[in-house]
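Visitor: The structure file run33.pdb (PDB, C-alpha atoms) is provided below.
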MODEL        1
ATOM      1  CA  MET A  27       7.197 -14.691  -9.422
ATOM      2  CA  PHE A  28       5.086 -12.963 -11.986
ATOM      3  CA  ILE A  29       5.851 -12.077 -15.583
ATOM      4  CA  ILE A  30       5.127  -8.553 -16.705
ATOM      5  CA  PRO A  31       4.002  -8.276 -20.322
ATOM      6  CA  LYS A  32       6.344  -6.095 -22.358
ATOM      7  CA  LYS A  33       3.676  -4.145 -24.175
ATOM      8  CA  ILE A  34       2.788  -0.712 -22.770
ATOM      9  CA  PRO A  35       0.787   2.012 -24.538
ATOM     10  CA  LYS A  36       3.329   4.822 -24.231
ATOM     11  CA  ALA A  37       7.074   5.178 -24.489
ATOM     12  CA  GLU A  38       9.040   3.731 -21.604
ATOM     13  CA  PRO A  39       9.656   6.305 -18.852
ATOM     14  CA  SER A  40      13.110   7.851 -19.106
ATOM     15  CA  LEU A  41      13.557   8.034 -15.327
ATOM     16  CA  PRO A  42      13.499   5.187 -12.807
ATOM     17  CA  PRO A  43      10.324   4.979 -10.688
ATOM     18  CA  ALA A  44      10.242   7.579  -7.902
ATOM     19  CA  PHE A  45       9.586   4.731  -5.499
ATOM     20  CA  PHE A  46      13.288   3.933  -5.570
ATOM     21  CA  THR A  47      14.497   7.435  -4.761
ATOM     22  CA  PRO A  48      12.785   8.062  -1.414
ATOM     23  CA  GLU A  49      13.477  10.971   0.879
ATOM     24  CA  LYS A  50      16.080  10.306   3.533
ATOM     25  CA  ALA A  51      15.603  11.324   7.162
ATOM     26  CA  ASN A  52      19.325  12.121   7.281
ATOM     27  CA  PRO A  53      22.205  11.933   4.793
ATOM     28  CA  ASP A  54      23.579   8.711   6.256
ATOM     29  CA  GLU A  55      20.315   6.833   6.251
ATOM     30  CA  LYS A  56      20.410   3.706   4.081
ATOM     31  CA  HIS A  57      17.436   2.505   2.083
ATOM     32  CA  TYR A  58      16.988  -1.134   1.221
ATOM     33  CA  PHE A  59      14.511  -2.733  -1.138
ATOM     34  CA  GLU A  60      13.389  -6.286  -0.618
ATOM     35  CA  GLU A  61      13.870  -8.737  -3.438
ATOM     36  CA  GLY A  62      10.866  -8.756  -5.740
ATOM     37  CA  LEU A  63       9.953  -5.127  -5.080
ATOM     38  CA  VAL A  64      11.305  -3.895  -8.405
ATOM     39  CA  GLU A  65       9.102  -6.350 -10.299
ATOM     40  CA  SER A  66       6.103  -5.426  -8.171
ATOM     41  CA  VAL A  67       6.531  -1.676  -8.734
ATOM     42  CA  LEU A  68       7.035  -2.314 -12.448
ATOM     43  CA  ALA A  69       3.771  -4.251 -12.433
ATOM     44  CA  ASP A  70       2.125  -1.188 -10.859
ATOM     45  CA  HIS A  71       3.549   0.982 -13.626
ATOM     46  CA  TRP A  72       2.329  -1.460 -16.238
ATOM     47  CA  ARG A  73      -1.216  -1.523 -14.867
ATOM     48  CA  CYS A  74      -1.309   2.265 -14.378
ATOM     49  CA  SER A  75      -0.051   2.755 -17.891
ATOM     50  CA  TRP A  76      -3.052   0.888 -19.314
ATOM     51  CA  LEU A  77      -5.490   2.444 -16.868
ATOM     52  CA  GLY A  78      -4.262   5.857 -18.017
ATOM     53  CA  GLU A  79      -4.682   4.801 -21.638
ATOM     54  CA  ILE A  80      -8.292   3.735 -20.999
ATOM     55  CA  VAL A  81      -9.147   6.975 -19.197
ATOM     56  CA  GLU A  82      -7.493   9.098 -21.899
ATOM     57  CA  ALA A  83      -9.128   7.207 -24.771
ATOM     58  CA  ARG A  84     -12.555   7.552 -23.188
ATOM     59  CA  VAL A  85     -12.079  11.290 -22.718
ATOM     60  CA  GLU A  86     -11.272  11.475 -26.419
ATOM     61  CA  ALA A  87     -14.271   9.227 -27.160
ATOM     62  CA  ASN A  88     -11.920   6.896 -29.040
ATOM     63  CA  THR A  89     -13.797   3.619 -28.582
ATOM     64  CA  SER A  90     -11.422   1.318 -30.443
ATOM     65  CA  ARG A  91      -8.404   2.659 -28.541
ATOM     66  CA  ALA A  92     -10.241   2.260 -25.240
ATOM     67  CA  GLN A  93     -11.296  -1.308 -26.079
ATOM     68  CA  ALA A  94      -7.736  -2.260 -27.046
ATOM     69  CA  ALA A  95      -6.503  -0.904 -23.721
ATOM     70  CA  GLU A  96      -9.232  -2.781 -21.828
ATOM     71  CA  ARG A  97      -8.102  -6.039 -23.488
ATOM     72  CA  ALA A  98      -4.489  -5.307 -22.556
ATOM     73  CA  LEU A  99      -5.465  -4.639 -18.968
ATOM     74  CA  LEU A 100      -7.078  -8.057 -18.746
ATOM     75  CA  GLU A 101      -3.621  -9.536 -19.331
ATOM     76  CA  SER A 102      -2.683  -8.262 -15.888
ATOM     77  CA  ALA A 103      -5.052 -10.765 -14.257
ATOM     78  CA  ASN A 104      -2.282 -13.337 -13.910
ATOM     79  CA  ILE A 105       0.100 -10.775 -12.431
ATOM     80  CA  GLU A 106      -2.467  -9.665  -9.905
ATOM     81  CA  ASP A 107      -3.375 -13.235  -8.974
ATOM     82  CA  SER A 108       0.226 -13.972  -8.053
ATOM     83  CA  ARG A 109       0.695 -10.698  -6.180
ATOM     84  CA  PHE A 110      -2.578 -10.546  -4.325
ATOM     85  CA  SER A 111      -3.583 -14.122  -3.665
ATOM     86  CA  ASP A 112      -3.799 -13.648   0.080
ATOM     87  CA  PHE A 113      -5.672 -10.411   0.352
ATOM     88  CA  GLN A 114      -8.483 -10.283  -2.092
ATOM     89  CA  PHE A 115      -7.534  -7.965  -4.892
ATOM     90  CA  LYS A 116     -10.664  -9.063  -6.714
ATOM     91  CA  GLN A 117     -12.746  -7.954  -3.733
ATOM     92  CA  TYR A 118     -10.971  -4.604  -3.886
ATOM     93  CA  LEU A 119     -11.819  -4.240  -7.566
ATOM     94  CA  THR A 120     -15.446  -5.108  -6.776
ATOM     95  CA  ASP A 121     -15.479  -2.405  -4.086
ATOM     96  CA  VAL A 122     -13.954   0.066  -6.528
ATOM     97  CA  GLU A 123     -16.632  -0.759  -9.101
ATOM     98  CA  GLU A 124     -19.371  -0.312  -6.513
ATOM     99  CA  PHE A 125     -17.960   3.044  -5.427
ATOM    100  CA  ALA A 126     -17.467   4.152  -9.037
ATOM    101  CA  ARG A 127     -21.086   3.315  -9.859
ATOM    102  CA  SER A 128     -22.291   5.362  -6.900
ATOM    103  CA  GLN A 129     -20.222   8.316  -8.114
ATOM    104  CA  GLY A 130     -21.189   7.946 -11.761
ATOM    105  CA  VAL A 131     -17.648   7.407 -12.964
ATOM    106  CA  SER A 132     -15.801   4.383 -14.310
ATOM    107  CA  ALA A 133     -13.918   1.903 -12.120
ATOM    108  CA  GLU A 134     -10.783   2.532 -14.165
ATOM    109  CA  GLU A 135     -11.008   6.235 -13.416
ATOM    110  CA  VAL A 136     -11.268   5.573  -9.677
ATOM    111  CA  GLU A 137      -8.440   3.048  -9.637
ATOM    112  CA  TYR A 138      -6.245   5.327 -11.754
ATOM    113  CA  GLU A 139      -6.803   8.218  -9.388
ATOM    114  CA  VAL A 140      -6.343   6.174  -6.210
ATOM    115  CA  ASP A 141      -3.419   3.949  -7.107
ATOM    116  CA  CYS A 142      -1.512   5.700  -9.862
ATOM    117  CA  ALA A 143      -0.854   9.111  -8.303
ATOM    118  CA  GLY A 144       2.799   9.980  -8.617
ATOM    119  CA  ILE A 145       3.569   7.338 -11.204
ATOM    120  CA  GLU A 146       5.314   8.996 -14.110
ATOM    121  CA  LEU A 147       3.905   7.935 -17.439
ATOM    122  CA  GLU A 148       5.497   9.288 -20.573
ATOM    123  CA  GLY A 149       3.199  11.345 -22.724
ATOM    124  CA  VAL A 150       4.459  10.216 -26.116
ATOM    125  CA  ALA A 151       2.335   7.517 -27.681
ATOM    126  CA  LYS A 152       4.214   4.550 -29.137
TER     127      LYS A 152
ATOM    128  CA  MET B  15      20.933  -7.496   5.072
ATOM    129  CA  SER B  16      17.358  -7.568   6.274
ATOM    130  CA  THR B  17      14.722 -10.157   6.914
ATOM    131  CA  TYR B  18      10.990  -9.918   7.334
ATOM    132  CA  ARG B  19       8.245 -12.172   8.544
ATOM    133  CA  GLU B  20       4.513 -11.712   8.646
ATOM    134  CA  GLU B  21       2.112 -14.013  10.430
ATOM    135  CA  ASN B  22      -1.643 -13.908  10.525
ATOM    136  CA  ALA B  23      -2.735 -13.692  14.101
ATOM    137  CA  SER B  24      -6.507 -13.514  13.953
ATOM    138  CA  ARG B  25      -9.597 -12.247  12.237
ATOM    139  CA  ILE B  26     -11.405  -9.813  14.478
ATOM    140  CA  GLY B  27     -15.096  -9.228  14.144
ATOM    141  CA  SER B  28     -16.493  -9.153  17.644
ATOM    142  CA  ALA B  29     -19.360  -6.953  18.699
ATOM    143  CA  LYS B  30     -17.047  -5.203  21.137
ATOM    144  CA  ILE B  31     -14.725  -4.123  18.348
ATOM    145  CA  ARG B  32     -17.667  -3.019  16.228
ATOM    146  CA  VAL B  33     -18.993  -0.876  19.055
ATOM    147  CA  LEU B  34     -15.592   0.707  19.471
ATOM    148  CA  PHE B  35     -15.355   1.621  15.822
ATOM    149  CA  VAL B  36     -18.925   2.775  15.598
ATOM    150  CA  ALA B  37     -17.980   5.231  18.342
ATOM    151  CA  ILE B  38     -14.978   6.363  16.333
ATOM    152  CA  ALA B  39     -17.210   6.610  13.284
ATOM    153  CA  LEU B  40     -19.391   9.109  15.073
ATOM    154  CA  VAL B  41     -16.415  11.348  15.655
ATOM    155  CA  LEU B  42     -15.116  11.065  12.114
ATOM    156  CA  ALA B  43     -18.352  10.873  10.200
ATOM    157  CA  THR B  44     -18.406  14.518   9.191
ATOM    158  CA  MET B  45     -14.775  14.504   8.179
ATOM    159  CA  HIS B  46     -15.381  11.705   5.696
ATOM    160  CA  ALA B  47     -18.865  12.500   4.527
ATOM    161  CA  ALA B  48     -17.596  13.070   0.997
ATOM    162  CA  VAL B  49     -16.302   9.534   0.676
ATOM    163  CA  SER B  50     -19.100   7.637   2.354
ATOM    164  CA  SER B  51     -21.068   4.731   0.813
ATOM    165  CA  THR B  52     -20.322   1.912   3.169
ATOM    166  CA  PRO B  53     -19.336  -1.484   1.828
ATOM    167  CA  ASN B  54     -19.662  -4.870   3.691
ATOM    168  CA  GLY B  55     -19.688  -4.958   7.530
ATOM    169  CA  ALA B  56     -16.961  -4.120   9.949
ATOM    170  CA  ARG B  57     -13.976  -6.386   9.683
ATOM    171  CA  ALA B  58     -10.434  -6.328  10.803
ATOM    172  CA  ALA B  59      -7.331  -8.330  10.361
ATOM    173  CA  GLU B  60      -4.256  -8.485  12.442
ATOM    174  CA  THR B  61      -0.846  -9.803  11.608
ATOM    175  CA  THR B  62       2.516  -9.793  13.252
ATOM    176  CA  LEU B  63       5.377  -8.242  11.382
ATOM    177  CA  SER B  64       8.906  -8.861  12.441
ATOM    178  CA  GLY B  65      12.226  -8.238  10.865
ATOM    179  CA  SER B  66      15.814  -7.309  11.361
ATOM    180  CA  GLN B  67      17.707  -4.471   9.781
ATOM    181  CA  ALA B  68      20.611  -2.111  10.337
ATOM    182  CA  LEU B  69      20.342   0.991  12.499
ATOM    183  CA  ASN B  70      19.667   4.212  10.605
ATOM    184  CA  SER B  71      18.017   2.366   7.753
ATOM    185  CA  VAL B  72      14.705   1.987   5.981
ATOM    186  CA  VAL B  73      13.628  -1.321   4.520
ATOM    187  CA  ASN B  74      11.007  -1.211   1.813
ATOM    188  CA  TRP B  75       9.177  -4.521   1.870
ATOM    189  CA  THR B  76       7.719  -6.194  -1.184
ATOM    190  CA  THR B  77       4.520  -7.053   0.675
ATOM    191  CA  TYR B  78       1.670  -5.204  -0.999
ATOM    192  CA  ARG B  79      -1.620  -4.576   0.743
ATOM    193  CA  VAL B  80      -4.913  -3.292  -0.532
ATOM    194  CA  ASN B  81      -7.162  -1.342   1.754
ATOM    195  CA  THR B  82     -10.614  -2.331   0.559
ATOM    196  CA  PHE B  83     -12.498   0.426   2.344
ATOM    197  CA  GLN B  84     -12.852   4.012   1.289
ATOM    198  CA  ALA B  85     -11.427   5.243   4.553
ATOM    199  CA  ASN B  86      -9.819   3.018   7.046
ATOM    200  CA  ARG B  87      -7.659   2.812  10.084
ATOM    201  CA  VAL B  88      -4.296   1.091  10.162
ATOM    202  CA  SER B  89      -2.462   0.633  13.453
ATOM    203  CA  ILE B  90       0.737  -0.822  14.758
ATOM    204  CA  ARG B  91       1.659  -2.061  18.169
ATOM    205  CA  VAL B  92       5.394  -2.356  18.586
ATOM    206  CA  THR B  93       6.195  -5.137  20.990
ATOM    207  CA  ASP B  94       9.926  -5.063  20.419
ATOM    208  CA  PRO B  95      11.571  -2.040  18.820
ATOM    209  CA  GLY B  96      15.031  -3.561  18.987
ATOM    210  CA  GLY B  97      17.773  -2.293  21.248
ATOM    211  CA  GLY B  98      18.977   0.749  19.326
ATOM    212  CA  GLY B  99      16.951   3.239  21.302
ATOM    213  CA  GLY B 100      15.413   5.083  18.378
ATOM    214  CA  GLY B 101      12.192   3.117  18.122
ATOM    215  CA  LEU B 102      10.525   1.820  15.019
ATOM    216  CA  THR B 103       8.524   3.710  12.410
ATOM    217  CA  VAL B 104       6.196   1.880  10.066
ATOM    218  CA  GLY B 105       5.239   3.731   6.899
ATOM    219  CA  LEU B 106       2.855   3.122   4.015
ATOM    220  CA  ARG B 107       3.914   4.079   0.503
ATOM    221  CA  LYS B 108       1.908   4.315  -2.672
ATOM    222  CA  PRO B 109       3.354   2.638  -5.766
ATOM    223  CA  GLY B 110       4.123   6.112  -7.133
ATOM    224  CA  GLY B 111       6.579   6.674  -4.279
ATOM    225  CA  LEU B 112       4.600   8.872  -1.900
ATOM    226  CA  GLN B 113       4.765   7.898   1.773
ATOM    227  CA  PHE B 114       1.274   8.825   2.851
ATOM    228  CA  ALA B 115       1.009   7.481   6.399
ATOM    229  CA  SER B 116       3.240   6.454   9.258
ATOM    230  CA  ALA B 117       3.427   5.812  12.981
ATOM    231  CA  SER B 118       6.349   5.539  15.375
ATOM    232  CA  ASP B 119       6.696   3.743  18.640
ATOM    233  CA  GLY B 120       9.484   2.801  20.959
ATOM    234  CA  GLY B 121       7.793  -0.361  22.189
ATOM    235  CA  SER B 122       5.000   0.964  24.398
ATOM    236  CA  GLY B 123       2.785  -2.019  23.674
ATOM    237  CA  GLN B 124      -0.105   0.322  22.788
ATOM    238  CA  TRP B 125      -1.853   0.368  19.430
ATOM    239  CA  ARG B 126      -0.902   3.487  17.498
ATOM    240  CA  ALA B 127      -2.790   4.586  14.405
ATOM    241  CA  LEU B 128      -0.871   5.461  11.279
ATOM    242  CA  TYR B 129      -1.650   9.024  10.362
ATOM    243  CA  ALA B 130      -2.169  10.222   6.807
ATOM    244  CA  SER B 131      -2.298  13.940   6.069
ATOM    245  CA  GLY B 132      -3.101  14.795   9.655
ATOM    246  CA  ASN B 133      -5.727  12.154  10.368
ATOM    247  CA  SER B 134      -5.974   8.423  10.782
ATOM    248  CA  ALA B 135      -8.234   7.828   7.801
ATOM    249  CA  ILE B 136      -6.230   5.747   5.387
ATOM    250  CA  PRO B 137      -7.679   6.091   1.898
ATOM    251  CA  TYR B 138      -8.399   2.918   0.027
ATOM    252  CA  GLY B 139      -6.105   1.467  -2.548
ATOM    253  CA  GLY B 140      -2.807  -0.331  -2.668
ATOM    254  CA  PHE B 141       0.251   0.375  -0.580
ATOM    255  CA  TYR B 142       3.624  -1.000   0.338
ATOM    256  CA  ILE B 143       4.990  -1.189   3.874
ATOM    257  CA  ASN B 144       8.351   0.072   5.044
ATOM    258  CA  SER B 145      10.142   0.055   8.384
ATOM    259  CA  ARG B 146      12.553   2.698   9.612
ATOM    260  CA  ILE B 147      14.971   2.330  12.493
ATOM    261  CA  THR B 148      16.934   5.313  13.720
ATOM    262  CA  GLY B 149      19.031   5.787  16.819
ATOM    263  CA  SER B 150      22.355   4.432  17.891
ATOM    264  CA  TYR B 151      23.670   2.189  20.588
ATOM    265  CA  GLY B 152      26.151   4.626  22.111
ATOM    266  CA  TYR B 153      28.967   2.825  23.914
ATOM    267  CA  CYS B 154      28.794  -0.795  22.952
ATOM    268  CA  PRO B 155      31.713  -1.838  20.798
ATOM    269  CA  PRO B 156      31.331  -4.115  19.051
ATOM    270  CA  CYS B 157      27.750  -3.013  18.370
ATOM    271  CA  PRO B 158      25.383  -5.500  16.700
ATOM    272  CA  ALA B 159      25.143  -5.084  12.947
ATOM    273  CA  THR B 160      21.372  -5.439  12.856
ATOM    274  CA  GLU B 161      18.321  -4.756  14.958
ATOM    275  CA  THR B 162      15.530  -7.258  15.385
ATOM    276  CA  TRP B 163      12.060  -5.850  15.863
ATOM    277  CA  SER B 164       8.474  -7.028  15.916
ATOM    278  CA  THR B 165       5.133  -5.302  15.762
ATOM    279  CA  GLY B 166       1.483  -6.108  15.457
ATOM    280  CA  PHE B 167      -0.085  -4.684  12.314
ATOM    281  CA  ARG B 168      -3.832  -4.192  12.086
ATOM    282  CA  TRP B 169      -5.661  -3.099   8.990
ATOM    283  CA  ASP B 170      -9.026  -3.237   7.266
ATOM    284  CA  ILE B 171     -10.677  -1.853  10.337
ATOM    285  CA  GLN B 172     -13.644  -0.064   8.996
ATOM    286  CA  TYR B 173     -15.067   2.829  10.926
ATOM    287  CA  GLN B 174     -17.415   4.388   8.472
TER     288      GLN B 174
ENDMDL
END
Represent the structure of the file as structure tokens.

Guide:
Amino acid sequence: MFIIPKKIPKAEPSLPPAFFTPEKANPDEKHYFEEGLVESVLADHWRCSWLGEIVEARVEANTSRAQAAERALLESANIEDSRFSDFQFKQYLTDVEEFARSQGVSAEEVEYEVDCAGIELEGVAK
Amino acid sequence: MSTYREENASRIGSAKIRVLFVAIALVLATMHAAVSSTPNGARAAETTLSGSQALNSVVNWTTYRVNTFQANRVSIRVTDPGGGGGGLTVGLRKPGGLQFASASDGGSGQWRALYASGNSAIPYGGFYINSRITGSYGYCPPCPATETWSTGFRWDIQYQ
């Protein structure tokens, strides 16, 4: 089990993650969520929250804000190690970096676009 | 109540498989020209997923996978869809909630690609897996409370 740091850059979302309100094929269909999924999706939100902060700060050319967010993102290393130990998350990040370099954008930008679509992040800074 | 099991079956990297996916690459090359830049060589992994769940239900599994290629192919081969008659659908969901690819099979034993937005190119990034069982038993009181299914699951098969 992994521990998600409490600190996030923006206000906590007011709605539960959309992941837990999926579309039903019919009104009687039941949806079940395996134990541990809530923590995992929250970890996704946490990481996306900081990725979004980095991307936003860089657009605003706010170096100190971007650096603070980069440091916070490093805290997720332990979370990712426990979630991804068997399928090479680090290799994925290396691939993302390689692709980002070839496109002339940052790895955070690519990861944010690829993995954070649909994740609601509140717009009000803490 | 639901249970889930995943077992690594093999790493696939034979020349035969590479030839097959090179052929597929030729067909799809133009479609994915915008996201080219090929990483590492062809590689594939195969696992067996199995579980049991109620009819007319979807189970969202905690297992999180990362597709490490910019476009990829993910397939399932349902060996046992359970006895409910509705088959099994395996879906991939992004952490934001969007189900972006799925495939259904009633137990044909054939590999079926999961389709995303009309094609079998799965974009890279993280995803969760879910399993959906529909259908009903008809006349069988007392019907079983759960269905047991199993399927092969193949991913990281690069065809660019």

Visitor: Between chain A and chain B, at 7 Å or less, what are the per-residue closest atom pairs and their distances in Å? Count all atoms listed in the file, order by chain and rising residue number, and return it as JSON lines.

Guide:
{"residue": "A:Ala44", "atom": "CA", "partner": "B:Gly111", "partner_atom": "CA", "distance": 5.2}
{"residue": "A:Phe45", "atom": "CA", "partner": "B:Gly111", "partner_atom": "CA", "distance": 3.8}
{"residue": "A:Pro48", "atom": "CA", "partner": "B:Gly111", "partner_atom": "CA", "distance": 7.0}
{"residue": "A:Glu55", "atom": "CA", "partner": "B:Asn70", "partner_atom": "CA", "distance": 5.1}
{"residue": "A:Lys56", "atom": "CA", "partner": "B:Ser71", "partner_atom": "CA", "distance": 4.6}
{"residue": "A:His57", "atom": "CA", "partner": "B:Val72", "partner_atom": "CA", "distance": 4.8}
{"residue": "A:Tyr58", "atom": "CA", "partner": "B:Val73", "partner_atom": "CA", "distance": 4.7}
{"residue": "A:Phe59", "atom": "CA", "partner": "B:Asn74", "partner_atom": "CA", "distance": 4.8}
{"residue": "A:Glu60", "atom": "CA", "partner": "B:Trp75", "partner_atom": "CA", "distance": 5.2}
{"residue": "A:Gly62", "atom": "CA", "partner": "B:Thr76", "partner_atom": "CA", "distance": 6.1}
{"residue": "A:Leu63", "atom": "CA", "partner": "B:Thr76", "partner_atom": "CA", "distance": 4.6}
{"residue": "A:Val67", "atom": "CA", "partner": "B:Pro109", "partner_atom": "CA", "distance": 6.1}
{"residue": "A:Asp70", "atom": "CA", "partner": "B:Pro109", "partner_atom": "CA", "distance": 6.5}
{"residue": "A:Phe115", "atom": "CA", "partner": "B:Val80", "partner_atom": "CA", "distance": 6.9}
{"residue": "A:Tyr118", "atom": "CA", "partner": "B:Thr82", "partner_atom": "CA", "distance": 5.0}
{"residue": "A:Asp121", "atom": "CA", "partner": "B:Thr82", "partner_atom": "CA", "distance": 6.7}
{"residue": "A:Val140", "atom": "CA", "partner": "B:Gly139", "partner_atom": "CA", "distance": 6.0}
{"residue": "A:Asp141", "atom": "CA", "partner": "B:Gly139", "partner_atom": "CA", "distance": 5.8}
{"residue": "A:Cys142", "atom": "CA", "partner": "B:Gly110", "partner_atom": "CA", "distance": 6.3}
{"residue": "A:Ala143", "atom": "CA", "partner": "B:Gly110", "partner_atom": "CA", "distance": 5.9}
{"residue": "A:Gly144", "atom": "CA", "partner": "B:Gly110", "partner_atom": "CA", "distance": 4.3}
{"residue": "A:Ile145", "atom": "CA", "partner": "B:Gly110", "partner_atom": "CA", "distance": 4.3}

Visitor: Quick check, in Å to one decimal: how far apart do atom CA of B:Arg87 and atom CA of B:Thr61 lie?

Guide: 14.4 Å

Visitor: State, in Å with one decimal place, the distance from atom CA of B:Ser66 to atom CA of B:Trp163.

Guide: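 Here the two named atoms are 6.0 Å from each other.
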
Visitor: Take the point (-7.8, 8.0, -23.1) as written in the file and pick out every residue within 12 Å of it, counting all atoms listed in the file; give the list as a ChimeraX atom specification.

Guide: /A:35-36,75-96,134-135,138,149,151

Visitor: Write the residues of the preceding selection, restricted to C-alpha atoms, as a compact mmCIF listing (two decimals), in the coordinates of the input.

Guide:
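Result file is part-v3.txt:
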# COMPACT_ATOMS: atom_id res chain seq x y z
CA PRO A 35 0.79 2.01 -24.54
CA LYS A 36 3.33 4.82 -24.23
CA SER A 75 -0.05 2.76 -17.89
CA TRP A 76 -3.05 0.89 -19.31
CA LEU A 77 -5.49 2.44 -16.87
CA GLY A 78 -4.26 5.86 -18.02
CA GLU A 79 -4.68 4.80 -21.64
CA ILE A 80 -8.29 3.74 -21.00
CA VAL A 81 -9.15 6.98 -19.20
CA GLU A 82 -7.49 9.10 -21.90
CA ALA A 83 -9.13 7.21 -24.77
CA ARG A 84 -12.56 7.55 -23.19
CA VAL A 85 -12.08 11.29 -22.72
CA GLU A 86 -11.27 11.48 -26.42
CA ALA A 87 -14.27 9.23 -27.16
CA ASN A 88 -11.92 6.90 -29.04
CA THR A 89 -13.80 3.62 -28.58
CA SER A 90 -11.42 1.32 -30.44
CA ARG A 91 -8.40 2.66 -28.54
CA ALA A 92 -10.24 2.26 -25.24
CA GLN A 93 -11.30 -1.31 -26.08
CA ALA A 94 -7.74 -2.26 -27.05
CA ALA A 95 -6.50 -0.90 -23.72
CA GLU A 96 -9.23 -2.78 -21.83
CA GLU A 134 -10.78 2.53 -14.16
CA GLU A 135 -11.01 6.24 -13.42
CA TYR A 138 -6.24 5.33 -11.75
CA GLY A 149 3.20 11.34 -22.72
CA ALA A 151 2.34 7.52 -27.68

Visitor: Could you list, as a ChimeraX atom specification, every residue within 12 Å of A:Lys33, counting only C-alpha atoms and ignoring same-chain residues fewer than 5 positions away?

Guide: /A:38,69,71-73,75-76,94-95,97-99,101-102,152

Visitor: From the list B:Gly166, B:Gly96, B:Ser89, B:Gly101, which residue is nearest B:Ser118 when using all atoms listed in the file?

Guide: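 Smallest distance to B:Ser118 is found for B:Gly101.
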
Visitor: So the first atom is atom CA of A:Pro43 and the second is atom CA of A:Glu146; what is the distance between them in Å, to one decimal place?

Guide: 7.3 Å

Visitor: Kindly indicate which residue among A:Leu68, A:Glu61, A:Ser132, A:Gln117 lies nearest to A:Pro42, using all atoms listed in the file for the distances.

Guide: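 Distance minimum relative to A:Pro42 lands on A:Leu68.
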
Visitor: Smallest atom-to-atom distance to B:Ile90: which of B:Ser116, B:Thr160, B:Thr165, B:Ser64, using all atoms listed in the file?

Guide: B:Thr165

Visitor: Can you work out which one of B:Leu106, B:Gly97, B:Phe167, B:Asn133 has the shortest atom-to-atom distance to B:Gly121, counting all atoms listed in the file?

Guide: B:Gly97

Visitor: Which protein, DNA or RNA residues have an atom at most 12 Å from (-5.6, 14.5, 9.3), counting all atoms listed in the file? List them as a PyMOL selection string.

Guide: chain B and resi 42+45-46+85+87+114-116+127-137

Visitor: Using only C-alpha atoms, pick whichever of B:Gly149, B:Val92, B:Asn86, B:Thr62 has the shortest atom-to-atom distance to B:Arg126.

Guide: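 Residue with the minimum atom-to-atom distance to B:Arg126: B:Val92.
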